[in-house]
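Shown here: data.cif, mmCIF, C-alpha atoms and all ligand atoms.
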data_start
loop_
_atom_site.label_atom_id
_atom_site.label_comp_id
_atom_site.auth_asym_id
_atom_site.auth_seq_id
_atom_site.Cartn_x
_atom_site.Cartn_y
_atom_site.Cartn_z
CA MET G 1 0.00 0.00 0.00
CA ARG G 2 1.54 3.33 -1.06
CA LEU G 3 0.90 6.21 1.32
CA ASP G 4 1.18 9.93 0.83
CA ALA G 5 2.59 12.01 3.66
CA GLU G 6 -0.86 12.93 5.01
CA ALA G 7 -2.12 9.37 5.00
CA ILE G 8 0.79 7.89 6.94
CA ALA G 9 -0.60 7.25 10.36
CA ALA G 10 1.74 6.43 13.22
CA MET G 11 1.70 2.76 14.19
CA PRO G 12 -0.56 2.55 17.29
CA GLN G 13 1.72 1.97 20.29
CA ALA G 14 -0.81 -0.33 21.96
CA TYR G 15 -0.68 -2.60 18.90
CA VAL G 16 3.13 -2.83 18.94
CA GLN G 17 3.18 -3.39 22.70
CA ALA G 18 0.59 -6.18 22.55
CA LEU G 19 2.30 -7.79 19.55
CA PHE G 20 5.71 -7.96 21.22
CA ASP G 21 4.38 -8.81 24.69
CA GLN G 22 2.83 -11.96 23.27
CA TYR G 23 5.84 -12.60 21.01
CA ALA G 24 8.51 -12.17 23.73
CA PRO G 25 8.80 -15.80 24.96
CA ARG G 26 9.45 -17.16 21.46
CA PHE G 27 10.94 -14.03 19.87
CA GLU G 28 14.54 -15.18 19.49
CA THR G 29 13.65 -18.64 18.18
CA ALA G 30 11.08 -17.25 15.78
CA LEU G 31 13.24 -14.44 14.48
CA VAL G 32 16.76 -15.83 14.51
CA ASP G 33 16.07 -19.51 13.76
CA ASN G 34 13.00 -19.24 11.53
CA LEU G 35 13.51 -15.92 9.75
CA GLY G 36 17.33 -15.92 9.68
CA TYR G 37 17.40 -12.56 11.48
CA ARG G 38 20.82 -10.91 11.13
CA GLY G 39 20.15 -7.22 11.92
CA PRO G 40 22.57 -6.90 14.86
CA SER G 41 25.55 -8.48 13.07
CA LEU G 42 24.91 -6.36 9.94
CA LEU G 43 24.84 -3.22 12.10
CA PHE G 44 27.99 -4.27 13.90
CA ARG G 45 29.88 -4.75 10.63
CA ALA G 46 28.60 -1.43 9.24
CA VAL G 47 29.62 0.47 12.37
CA LEU G 48 33.11 -1.11 12.35
CA SER G 49 33.52 -0.17 8.71
CA ALA G 50 32.31 3.43 9.28
CA ARG G 51 34.76 3.77 12.18
CA ALA G 52 37.63 2.28 10.17
CA ALA G 53 36.91 4.69 7.29
CA ALA G 54 36.98 7.60 9.77
CA ARG G 55 40.19 6.21 11.34
CA LYS G 56 38.57 6.19 14.76
CA PRO G 57 38.42 3.38 17.31
CA ALA G 58 35.17 1.41 17.39
CA PHE G 59 34.67 1.82 21.11
CA PHE G 60 31.67 3.68 22.51
CA LYS G 61 31.34 4.95 26.06
CA ARG G 62 27.57 5.38 26.08
CA ALA G 63 25.19 3.67 23.64
CA ILE G 64 21.40 3.76 23.32
CA ASP G 65 19.49 0.80 21.86
CA LEU G 66 16.10 1.88 20.44
CA GLY G 67 13.46 -0.85 20.32
CA CYS G 68 15.99 -3.03 22.14
CA GLY G 69 13.72 -6.09 22.30
CA THR G 70 15.39 -8.98 24.09
CA GLY G 71 18.87 -7.45 23.74
CA LEU G 72 20.27 -9.02 20.56
CA ALA G 73 21.88 -5.76 19.35
CA ALA G 74 23.48 -5.09 22.74
CA GLY G 75 24.84 -8.65 22.57
CA ALA G 76 26.50 -7.96 19.21
CA PHE G 77 28.09 -4.70 20.44
CA ALA G 78 28.76 -5.72 24.06
CA LYS G 79 32.58 -5.77 23.80
CA GLU G 80 32.70 -2.32 22.18
CA VAL G 81 30.32 -0.47 24.53
CA ASP G 82 30.92 0.64 28.10
CA ARG G 83 27.33 1.48 29.07
CA PHE G 84 24.15 0.44 27.25
CA ILE G 85 20.74 2.07 27.68
CA GLY G 86 17.70 0.34 26.18
CA PHE G 87 14.20 1.55 25.37
CA ASP G 88 11.31 -0.60 24.20
CA LEU G 89 7.53 -0.28 24.17
CA SER G 90 7.00 -3.87 25.31
CA PRO G 91 7.39 -4.63 29.04
CA LYS G 92 7.84 -8.35 28.29
CA MET G 93 10.68 -7.67 25.85
CA ILE G 94 12.29 -5.37 28.44
CA GLU G 95 12.00 -8.19 31.01
CA ARG G 96 14.01 -10.44 28.67
CA ALA G 97 16.55 -7.68 27.99
CA ARG G 98 16.98 -7.19 31.74
CA ALA G 99 17.76 -10.89 32.17
CA THR G 100 20.79 -10.54 29.86
CA SER G 101 22.50 -8.05 32.23
CA LEU G 102 23.83 -6.28 29.12
CA TYR G 103 22.12 -2.97 29.91
CA ALA G 104 22.98 -0.45 32.61
CA GLU G 105 19.52 1.13 32.18
CA LEU G 106 16.30 -0.14 30.62
CA GLU G 107 12.98 1.60 30.29
CA VAL G 108 9.58 0.75 28.86
CA ALA G 109 9.24 3.73 26.55
CA ASP G 110 8.56 4.77 23.00
CA MET G 111 11.92 5.31 21.31
CA VAL G 112 11.38 9.01 20.60
CA GLN G 113 10.20 9.64 24.17
CA GLY G 114 13.15 7.68 25.48
CA LEU G 115 15.57 9.80 23.48
CA ARG G 116 13.81 12.96 24.71
CA SER G 117 14.66 11.93 28.28
CA GLN G 118 18.39 12.01 27.46
CA PRO G 119 20.64 15.08 27.76
CA ASP G 120 22.13 16.81 24.70
CA SER G 121 25.37 15.32 23.33
CA SER G 122 25.32 12.49 25.87
CA ALA G 123 25.61 9.37 23.66
CA ASN G 124 28.32 8.09 21.34
CA LEU G 125 26.21 5.50 19.53
CA VAL G 126 22.47 5.14 18.88
CA LEU G 127 21.29 1.80 17.47
CA ALA G 128 17.93 0.71 16.09
CA ALA G 129 17.94 -2.90 14.86
CA ASP G 130 14.71 -3.81 13.07
CA ALA G 131 12.83 -1.08 14.93
CA MET G 132 12.49 1.74 12.34
CA VAL G 133 10.06 -0.59 10.52
CA TYR G 134 7.45 0.43 13.12
CA LEU G 135 7.81 4.16 12.38
CA SER G 136 6.42 5.81 9.27
CA ASP G 137 7.97 9.26 9.64
CA LEU G 138 11.64 8.99 10.62
CA ALA G 139 12.09 12.73 11.21
CA PRO G 140 11.31 12.80 14.97
CA VAL G 141 13.65 9.92 15.85
CA LEU G 142 16.46 11.24 13.61
CA ASN G 143 16.17 14.75 15.07
CA GLU G 144 16.28 13.46 18.63
CA ALA G 145 19.18 11.13 17.84
CA ARG G 146 21.16 14.08 16.44
CA ARG G 147 20.48 16.12 19.59
CA VAL G 148 21.47 13.27 21.93
CA LEU G 149 24.61 12.23 20.03
CA ALA G 150 27.94 13.77 20.93
CA ALA G 151 29.99 15.22 18.05
CA GLY G 152 31.37 12.34 16.01
CA GLY G 153 28.74 9.97 17.43
CA LEU G 154 26.99 7.42 15.20
CA LEU G 155 23.40 6.48 14.52
CA ALA G 156 23.14 2.99 13.00
CA PHE G 157 19.90 1.34 11.97
CA THR G 158 18.35 -1.25 9.70
CA ALA G 159 15.28 -0.50 7.60
CA GLU G 160 13.10 -2.39 5.19
CA THR G 161 12.97 -0.81 1.78
CA HIS G 162 11.27 -0.74 -1.61
CA GLU G 163 12.21 0.49 -5.05
CA GLY G 164 9.80 3.44 -5.28
CA ASP G 165 9.77 6.73 -3.43
CA GLY G 166 8.77 7.56 0.10
CA VAL G 167 7.25 5.19 2.64
CA VAL G 168 4.96 2.20 2.12
CA ILE G 169 3.36 -0.19 4.57
CA GLY G 170 3.41 -3.93 3.88
CA ALA G 171 0.99 -6.72 4.67
CA GLY G 172 2.94 -7.45 7.86
CA LEU G 173 2.20 -3.88 9.03
CA ARG G 174 5.86 -2.94 8.80
CA TYR G 175 6.90 0.24 7.05
CA ALA G 176 9.38 0.16 4.17
CA HIS G 177 11.43 3.34 3.59
CA SER G 178 12.96 4.01 0.20
CA ALA G 179 16.69 4.74 0.05
CA SER G 180 15.97 8.24 -1.27
CA TYR G 181 13.59 8.89 1.66
CA VAL G 182 16.27 7.72 4.13
CA ARG G 183 18.96 9.89 2.51
CA SER G 184 16.76 13.01 2.60
CA ALA G 185 15.54 12.37 6.16
CA ILE G 186 19.13 12.00 7.39
CA ALA G 187 20.22 15.20 5.67
CA ALA G 188 17.13 17.08 6.95
CA ALA G 189 17.97 16.01 10.52
CA GLY G 190 21.46 17.50 10.18
CA LEU G 191 23.29 14.17 10.16
CA ALA G 192 25.83 13.06 7.55
CA LEU G 193 25.42 9.72 5.84
CA ALA G 194 28.48 7.52 6.44
CA HIS G 195 27.21 4.20 5.09
CA LEU G 196 24.09 3.02 3.25
CA GLU G 197 24.01 -0.51 1.93
CA ASP G 198 21.31 -2.68 0.39
CA LEU G 199 21.30 -5.57 2.84
CA SER G 200 18.48 -7.72 4.10
CA ALA G 201 18.11 -8.30 7.84
CA ARG G 202 15.63 -11.18 7.66
CA ASN G 203 13.79 -13.57 5.37
CA GLU G 204 10.15 -14.10 4.66
CA ASP G 205 9.14 -17.44 3.12
CA ASN G 206 12.90 -18.10 2.83
CA VAL G 207 13.38 -15.02 0.61
CA PRO G 208 15.47 -12.07 1.87
CA VAL G 209 13.27 -9.02 2.60
CA PRO G 210 14.77 -5.96 0.83
CA GLY G 211 16.54 -3.89 3.44
CA LEU G 212 19.00 -1.12 4.16
CA VAL G 213 21.79 -0.87 6.68
CA VAL G 214 22.46 2.76 7.48
CA VAL G 215 25.09 4.59 9.50
CA ALA G 216 24.93 8.36 9.97
CA VAL G 217 27.33 10.58 11.84
CA LYS G 218 26.87 13.76 13.81
CA GLY G 219 29.42 16.29 12.61
C1 LIG I 301 11.64 -6.87 15.62
S1 LIG I 301 11.98 -6.34 17.25
C2 LIG I 301 13.73 -6.05 17.25
C3 LIG I 301 14.33 -6.08 18.63
C4 LIG I 301 15.83 -5.87 18.72
N1 LIG I 301 16.22 -4.55 18.33
C5 LIG I 301 16.58 -6.92 17.91
O1 LIG I 301 17.35 -6.56 17.02
O2 LIG I 301 16.39 -8.11 18.19
C6 LIG I 301 11.32 -4.69 17.30
C7 LIG I 301 11.24 -4.11 18.70
O3 LIG I 301 10.95 -2.72 18.59
C8 LIG I 301 10.02 -2.38 19.60
N2 LIG I 301 9.33 -1.17 19.15
C9 LIG I 301 8.54 -1.00 18.07
N3 LIG I 301 8.12 0.28 17.96
C10 LIG I 301 8.68 0.94 19.01
C11 LIG I 301 8.64 2.29 19.45
N4 LIG I 301 7.94 3.21 18.80
N5 LIG I 301 9.34 2.61 20.55
C12 LIG I 301 10.06 1.67 21.24
N6 LIG I 301 10.12 0.38 20.87
C13 LIG I 301 9.45 0.01 19.77
C14 LIG I 301 9.13 -3.60 19.74
O4 LIG I 301 8.47 -3.64 20.98
C15 LIG I 301 10.14 -4.73 19.57
O5 LIG I 301 10.69 -5.16 20.78
#
Show this structure as structure tokens.
Amino acid sequence: MRLDAEAIAAMPQAYVQALFDQYAPRFETALVDNLGYRGPSLLFRAVLSARAAARKPAFFKRAIDLGCGTGLAAGAFAKEVDRFIGFDLSPKMIERARATSLYAELEVADMVQGLRSQPDSSANLVLAADAMVYLSDLAPVLNEARRVLAAGGLLAFTAETHEGDGVVIGAGLRYAHSASYVRSAIAAAGLALAHLEDLSARNEDNVPVPGLVVVAVKG
């Protein structure tokens, strides 16, 4: 379904919360084993490559994991991050994330609200692994990420994509953002694109779902 800007409604938070609360006990098996989910490792590789290109060490003092789920992204980055903060709408996913002991702080919160609770220039890395698919308009989260990142800090996220323009919503009620939409939204938020690659983070019916792996930097 193609949507114009006016018609793009935000995904109801109660829907996302209920979906992931009931999904939490079988999330990792369903996603990793059945759908070949690889978002966290793709993000990790993209961040390492962005850091290598900038000739900077890939170590981050303070990182924020948006839509942290059970903690798979924090697991992938654990050795390179001193202090992880996680936000997720689903209390049951947060419960699982807490059990990993990977996070210094965890909060049941919408990702934009969670970022709003953070001081300016206080994070070195913001991650969103398979979470932007629940947002139609990326502007609020990108703007808040830019505010919260310290100079030189990175925002890294996966997205699902399509070949047209703008944003569409699929049958699975996940938004797909075109590469041109992502490029413009990053520029409009005052971030610089460091890495954008066509890479799929998961399969559907054993076919890779078209995706993007994106790293942006705060100048
Ligand atoms: C597919 S899971 C991915 C979880 C984790 N990032 C990973 O890579 O395994 C998406 C997660 O995003 C959360 N989520 C979706 N929309 C959100 C929002 N607006 N704010 C915070 N969390 C959200 C869901 O509750 C769910 O836990």
Selected residue of minimal separation from G:Val112 among G:Val213, G:Leu191, G:Ala78, G:Val148, counting all atoms listed in the file: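 So, comparing all the options, the nearest one is G:Val148.
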Give me, as a tab-separated table, each residue of stretch 109-202 of chain G that comes within 9 Å of stretch 13-33 of chain G, together with its shortest interatomic pair and the distance in Å at one decimal, counting all atoms listed in the file, with rows ordered by chain and rising residue number.
residue	atom	partner	partner_atom	distance
G:Asp110	CA	G:Gln13	CA	7.9
G:Tyr134	CA	G:Val16	CA	7.9
G:Arg202	CA	G:Leu31	CA	7.9
Could the residues that lie within 6 Å of ligand LIG 301 (chain I), counting all atoms listed in the file, be listed as a short mmCIF file (atom, residue, chain, number, x, y, z; two decimals) with C-alpha atoms, keeping the file's coordinate frame?
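Listing of pocket.cif after writing:
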data_model
loop_
_atom_site.label_atom_id
_atom_site.label_comp_id
_atom_site.auth_asym_id
_atom_site.auth_seq_id
_atom_site.Cartn_x
_atom_site.Cartn_y
_atom_site.Cartn_z
CA VAL G 16 3.13 -2.83 18.94
CA GLN G 17 3.18 -3.39 22.70
CA PHE G 20 5.71 -7.96 21.22
CA GLY G 39 20.15 -7.22 11.92
CA PRO G 40 22.57 -6.90 14.86
CA GLY G 67 13.46 -0.85 20.32
CA CYS G 68 15.99 -3.03 22.14
CA GLY G 69 13.72 -6.09 22.30
CA LEU G 72 20.27 -9.02 20.56
CA ALA G 73 21.88 -5.76 19.35
CA PHE G 87 14.20 1.55 25.37
CA ASP G 88 11.31 -0.60 24.20
CA LEU G 89 7.53 -0.28 24.17
CA SER G 90 7.00 -3.87 25.31
CA MET G 93 10.68 -7.67 25.85
CA ALA G 109 9.24 3.73 26.55
CA ASP G 110 8.56 4.77 23.00
CA MET G 111 11.92 5.31 21.31
CA ALA G 128 17.93 0.71 16.09
CA ALA G 129 17.94 -2.90 14.86
CA ASP G 130 14.71 -3.81 13.07
CA ALA G 131 12.83 -1.08 14.93
CA TYR G 134 7.45 0.43 13.12
#
Within-9 Å shell of (6.7, 3.1, -2.9) in input frame, only C-alpha atoms, as a list in words: Met1, Arg2, Leu3, Thr161, His162, Glu163, Gly164, Asp165, Gly166, Val167, Val168, Ile169, Ala176, His177 and Ser178 of chain G
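The set of protein, DNA and RNA residues with any counted atom at most 12 Å from (23.5, 11.1, 4.1) (only C-alpha atoms) reads Leu142, Leu155, Ala179, Ser180, Tyr181, Val182, Arg183, Ser184, Ala185, Ile186, Ala187, Ala188, Ala189, Gly190, Leu191, Ala192, Leu193, Ala194, His195, Leu196, Glu197, Val214, Val215, Ala216, Val217, Lys218 and Gly219 of chain G.
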One-decimal distance in Å that lies between atom CA of G:Val47 and atom CA of G:Ala145: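 Between these atoms lies a distance of 15.9 Å.
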Residue nearest G:Glu144 among G:Leu66, G:Val207, G:Val81, G:Leu102 (counting only C-alpha atoms):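 Closest candidate: G:Leu66.
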Would you please take stretch 13-59 of chain G of the structure in the block above and write N, CA and C atoms to a file as a PDB file, in the first residue's frame?
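Listing of part.pdb after writing:
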ATOM      1  N   GLN G  13       0.753   2.543  19.334  1.00  0.00           N
ATOM      2  CA  GLN G  13       1.716   1.973  20.285  1.00  0.00           C
ATOM      3  C   GLN G  13       1.133   0.762  20.998  1.00  0.00           C
ATOM      4  N   ALA G  14      -0.183   0.797  21.258  1.00  0.00           N
ATOM      5  CA  ALA G  14      -0.807  -0.325  21.960  1.00  0.00           C
ATOM      6  C   ALA G  14      -0.716  -1.599  21.120  1.00  0.00           C
ATOM      7  N   TYR G  15      -0.784  -1.446  19.803  1.00  0.00           N
ATOM      8  CA  TYR G  15      -0.683  -2.601  18.903  1.00  0.00           C
ATOM      9  C   TYR G  15       0.718  -3.207  18.990  1.00  0.00           C
ATOM     10  N   VAL G  16       1.737  -2.339  18.911  1.00  0.00           N
ATOM     11  CA  VAL G  16       3.130  -2.826  18.942  1.00  0.00           C
ATOM     12  C   VAL G  16       3.416  -3.491  20.291  1.00  0.00           C
ATOM     13  N   GLN G  17       2.932  -2.855  21.362  1.00  0.00           N
ATOM     14  CA  GLN G  17       3.184  -3.390  22.698  1.00  0.00           C
ATOM     15  C   GLN G  17       2.537  -4.780  22.850  1.00  0.00           C
ATOM     16  N   ALA G  18       1.290  -4.900  22.427  1.00  0.00           N
ATOM     17  CA  ALA G  18       0.588  -6.184  22.554  1.00  0.00           C
ATOM     18  C   ALA G  18       1.260  -7.243  21.685  1.00  0.00           C
ATOM     19  N   LEU G  19       1.653  -6.852  20.469  1.00  0.00           N
ATOM     20  CA  LEU G  19       2.301  -7.790  19.548  1.00  0.00           C
ATOM     21  C   LEU G  19       3.567  -8.368  20.175  1.00  0.00           C
ATOM     22  N   PHE G  20       4.426  -7.492  20.712  1.00  0.00           N
ATOM     23  CA  PHE G  20       5.707  -7.964  21.221  1.00  0.00           C
ATOM     24  C   PHE G  20       5.597  -8.558  22.616  1.00  0.00           C
ATOM     25  N   ASP G  21       4.594  -8.153  23.390  1.00  0.00           N
ATOM     26  CA  ASP G  21       4.385  -8.814  24.689  1.00  0.00           C
ATOM     27  C   ASP G  21       4.038 -10.280  24.468  1.00  0.00           C
ATOM     28  N   GLN G  22       3.197 -10.547  23.482  1.00  0.00           N
ATOM     29  CA  GLN G  22       2.829 -11.963  23.274  1.00  0.00           C
ATOM     30  C   GLN G  22       3.926 -12.728  22.532  1.00  0.00           C
ATOM     31  N   TYR G  23       4.774 -12.004  21.817  1.00  0.00           N
ATOM     32  CA  TYR G  23       5.836 -12.602  21.008  1.00  0.00           C
ATOM     33  C   TYR G  23       7.087 -12.903  21.856  1.00  0.00           C
ATOM     34  N   ALA G  24       7.244 -12.162  22.974  1.00  0.00           N
ATOM     35  CA  ALA G  24       8.509 -12.167  23.729  1.00  0.00           C
ATOM     36  C   ALA G  24       9.048 -13.570  24.055  1.00  0.00           C
ATOM     37  N   PRO G  25       8.232 -14.501  24.568  1.00  0.00           N
ATOM     38  CA  PRO G  25       8.801 -15.800  24.960  1.00  0.00           C
ATOM     39  C   PRO G  25       9.411 -16.577  23.800  1.00  0.00           C
ATOM     40  N   ARG G  26       8.907 -16.374  22.574  1.00  0.00           N
ATOM     41  CA  ARG G  26       9.445 -17.163  21.458  1.00  0.00           C
ATOM     42  C   ARG G  26      10.151 -16.276  20.436  1.00  0.00           C
ATOM     43  N   PHE G  27      10.407 -15.016  20.817  1.00  0.00           N
ATOM     44  CA  PHE G  27      10.945 -14.034  19.865  1.00  0.00           C
ATOM     45  C   PHE G  27      12.252 -14.493  19.217  1.00  0.00           C
ATOM     46  N   GLU G  28      13.219 -14.893  20.058  1.00  0.00           N
ATOM     47  CA  GLU G  28      14.543 -15.179  19.487  1.00  0.00           C
ATOM     48  C   GLU G  28      14.504 -16.418  18.603  1.00  0.00           C
ATOM     49  N   THR G  29      13.754 -17.437  19.018  1.00  0.00           N
ATOM     50  CA  THR G  29      13.652 -18.641  18.181  1.00  0.00           C
ATOM     51  C   THR G  29      12.968 -18.286  16.873  1.00  0.00           C
ATOM     52  N   ALA G  30      11.853 -17.554  16.983  1.00  0.00           N
ATOM     53  CA  ALA G  30      11.077 -17.245  15.780  1.00  0.00           C
ATOM     54  C   ALA G  30      11.898 -16.401  14.822  1.00  0.00           C
ATOM     55  N   LEU G  31      12.560 -15.389  15.359  1.00  0.00           N
ATOM     56  CA  LEU G  31      13.240 -14.440  14.479  1.00  0.00           C
ATOM     57  C   LEU G  31      14.580 -14.970  13.967  1.00  0.00           C
ATOM     58  N   VAL G  32      15.396 -15.435  14.897  1.00  0.00           N
ATOM     59  CA  VAL G  32      16.758 -15.834  14.506  1.00  0.00           C
ATOM     60  C   VAL G  32      16.722 -17.182  13.774  1.00  0.00           C
ATOM     61  N   ASP G  33      16.043 -18.160  14.350  1.00  0.00           N
ATOM     62  CA  ASP G  33      16.071 -19.506  13.757  1.00  0.00           C
ATOM     63  C   ASP G  33      15.163 -19.599  12.527  1.00  0.00           C
ATOM     64  N   ASN G  34      13.955 -19.036  12.626  1.00  0.00           N
ATOM     65  CA  ASN G  34      12.998 -19.241  11.529  1.00  0.00           C
ATOM     66  C   ASN G  34      13.123 -18.205  10.420  1.00  0.00           C
ATOM     67  N   LEU G  35      13.479 -16.974  10.777  1.00  0.00           N
ATOM     68  CA  LEU G  35      13.514 -15.917   9.750  1.00  0.00           C
ATOM     69  C   LEU G  35      14.948 -15.492   9.418  1.00  0.00           C
ATOM     70  N   GLY G  36      15.915 -16.211   9.984  1.00  0.00           N
ATOM     71  CA  GLY G  36      17.325 -15.920   9.683  1.00  0.00           C
ATOM     72  C   GLY G  36      17.697 -14.479  10.022  1.00  0.00           C
ATOM     73  N   TYR G  37      17.181 -13.980  11.139  1.00  0.00           N
ATOM     74  CA  TYR G  37      17.405 -12.563  11.483  1.00  0.00           C
ATOM     75  C   TYR G  37      18.887 -12.276  11.704  1.00  0.00           C
ATOM     76  N   ARG G  38      19.390 -11.219  11.072  1.00  0.00           N
ATOM     77  CA  ARG G  38      20.820 -10.912  11.130  1.00  0.00           C
ATOM     78  C   ARG G  38      21.060  -9.417  11.303  1.00  0.00           C
ATOM     79  N   GLY G  39      20.032  -8.682  11.752  1.00  0.00           N
ATOM     80  CA  GLY G  39      20.146  -7.222  11.916  1.00  0.00           C
ATOM     81  C   GLY G  39      21.329  -6.802  12.779  1.00  0.00           C
ATOM     82  N   PRO G  40      21.477  -7.362  13.992  1.00  0.00           N
ATOM     83  CA  PRO G  40      22.571  -6.903  14.865  1.00  0.00           C
ATOM     84  C   PRO G  40      23.953  -7.117  14.261  1.00  0.00           C
ATOM     85  N   SER G  41      24.202  -8.266  13.620  1.00  0.00           N
ATOM     86  CA  SER G  41      25.551  -8.476  13.066  1.00  0.00           C
ATOM     87  C   SER G  41      25.789  -7.570  11.858  1.00  0.00           C
ATOM     88  N   LEU G  42      24.742  -7.297  11.075  1.00  0.00           N
ATOM     89  CA  LEU G  42      24.906  -6.364   9.937  1.00  0.00           C
ATOM     90  C   LEU G  42      25.244  -4.963  10.465  1.00  0.00           C
ATOM     91  N   LEU G  43      24.555  -4.553  11.527  1.00  0.00           N
ATOM     92  CA  LEU G  43      24.841  -3.219  12.097  1.00  0.00           C
ATOM     93  C   LEU G  43      26.257  -3.166  12.648  1.00  0.00           C
ATOM     94  N   PHE G  44      26.649  -4.237  13.311  1.00  0.00           N
ATOM     95  CA  PHE G  44      27.986  -4.268  13.904  1.00  0.00           C
ATOM     96  C   PHE G  44      29.050  -4.092  12.811  1.00  0.00           C
ATOM     97  N   ARG G  45      28.890  -4.846  11.721  1.00  0.00           N
ATOM     98  CA  ARG G  45      29.882  -4.749  10.628  1.00  0.00           C
ATOM     99  C   ARG G  45      29.884  -3.351  10.008  1.00  0.00           C
ATOM    100  N   ALA G  46      28.694  -2.769   9.853  1.00  0.00           N
ATOM    101  CA  ALA G  46      28.600  -1.434   9.238  1.00  0.00           C
ATOM    102  C   ALA G  46      29.245  -0.381  10.138  1.00  0.00           C
ATOM    103  N   VAL G  47      29.035  -0.508  11.438  1.00  0.00           N
ATOM    104  CA  VAL G  47      29.624   0.465  12.373  1.00  0.00           C
ATOM    105  C   VAL G  47      31.148   0.320  12.381  1.00  0.00           C
ATOM    106  N   LEU G  48      31.639  -0.911  12.388  1.00  0.00           N
ATOM    107  CA  LEU G  48      33.108  -1.115  12.346  1.00  0.00           C
ATOM    108  C   LEU G  48      33.682  -0.499  11.078  1.00  0.00           C
ATOM    109  N   SER G  49      32.968  -0.685   9.961  1.00  0.00           N
ATOM    110  CA  SER G  49      33.520  -0.168   8.707  1.00  0.00           C
ATOM    111  C   SER G  49      33.450   1.357   8.679  1.00  0.00           C
ATOM    112  N   ALA G  50      32.384   1.962   9.228  1.00  0.00           N
ATOM    113  CA  ALA G  50      32.306   3.434   9.277  1.00  0.00           C
ATOM    114  C   ALA G  50      33.420   3.996  10.157  1.00  0.00           C
ATOM    115  N   ARG G  51      33.692   3.300  11.273  1.00  0.00           N
ATOM    116  CA  ARG G  51      34.757   3.773  12.176  1.00  0.00           C
ATOM    117  C   ARG G  51      36.131   3.620  11.523  1.00  0.00           C
ATOM    118  N   ALA G  52      36.333   2.499  10.826  1.00  0.00           N
ATOM    119  CA  ALA G  52      37.634   2.282  10.169  1.00  0.00           C
ATOM    120  C   ALA G  52      37.847   3.352   9.109  1.00  0.00           C
ATOM    121  N   ALA G  53      36.786   3.680   8.343  1.00  0.00           N
ATOM    122  CA  ALA G  53      36.911   4.691   7.288  1.00  0.00           C
ATOM    123  C   ALA G  53      37.241   6.056   7.896  1.00  0.00           C
ATOM    124  N   ALA G  54      36.716   6.310   9.113  1.00  0.00           N
ATOM    125  CA  ALA G  54      36.980   7.601   9.766  1.00  0.00           C
ATOM    126  C   ALA G  54      38.270   7.563  10.593  1.00  0.00           C
ATOM    127  N   ARG G  55      38.959   6.422  10.559  1.00  0.00           N
ATOM    128  CA  ARG G  55      40.190   6.208  11.340  1.00  0.00           C
ATOM    129  C   ARG G  55      39.979   6.528  12.813  1.00  0.00           C
ATOM    130  N   LYS G  56      38.861   5.996  13.331  1.00  0.00           N
ATOM    131  CA  LYS G  56      38.570   6.189  14.757  1.00  0.00           C
ATOM    132  C   LYS G  56      38.343   4.825  15.389  1.00  0.00           C
ATOM    133  N   PRO G  57      38.642   4.675  16.673  1.00  0.00           N
ATOM    134  CA  PRO G  57      38.416   3.378  17.313  1.00  0.00           C
ATOM    135  C   PRO G  57      36.922   3.077  17.418  1.00  0.00           C
ATOM    136  N   ALA G  58      36.581   1.797  17.307  1.00  0.00           N
ATOM    137  CA  ALA G  58      35.172   1.406  17.394  1.00  0.00           C
ATOM    138  C   ALA G  58      34.833   1.069  18.841  1.00  0.00           C
ATOM    139  N   PHE G  59      35.070   2.024  19.713  1.00  0.00           N
ATOM    140  CA  PHE G  59      34.666   1.823  21.106  1.00  0.00           C
ATOM    141  C   PHE G  59      33.765   2.978  21.508  1.00  0.00           C
TER     142      PHE G  59
END
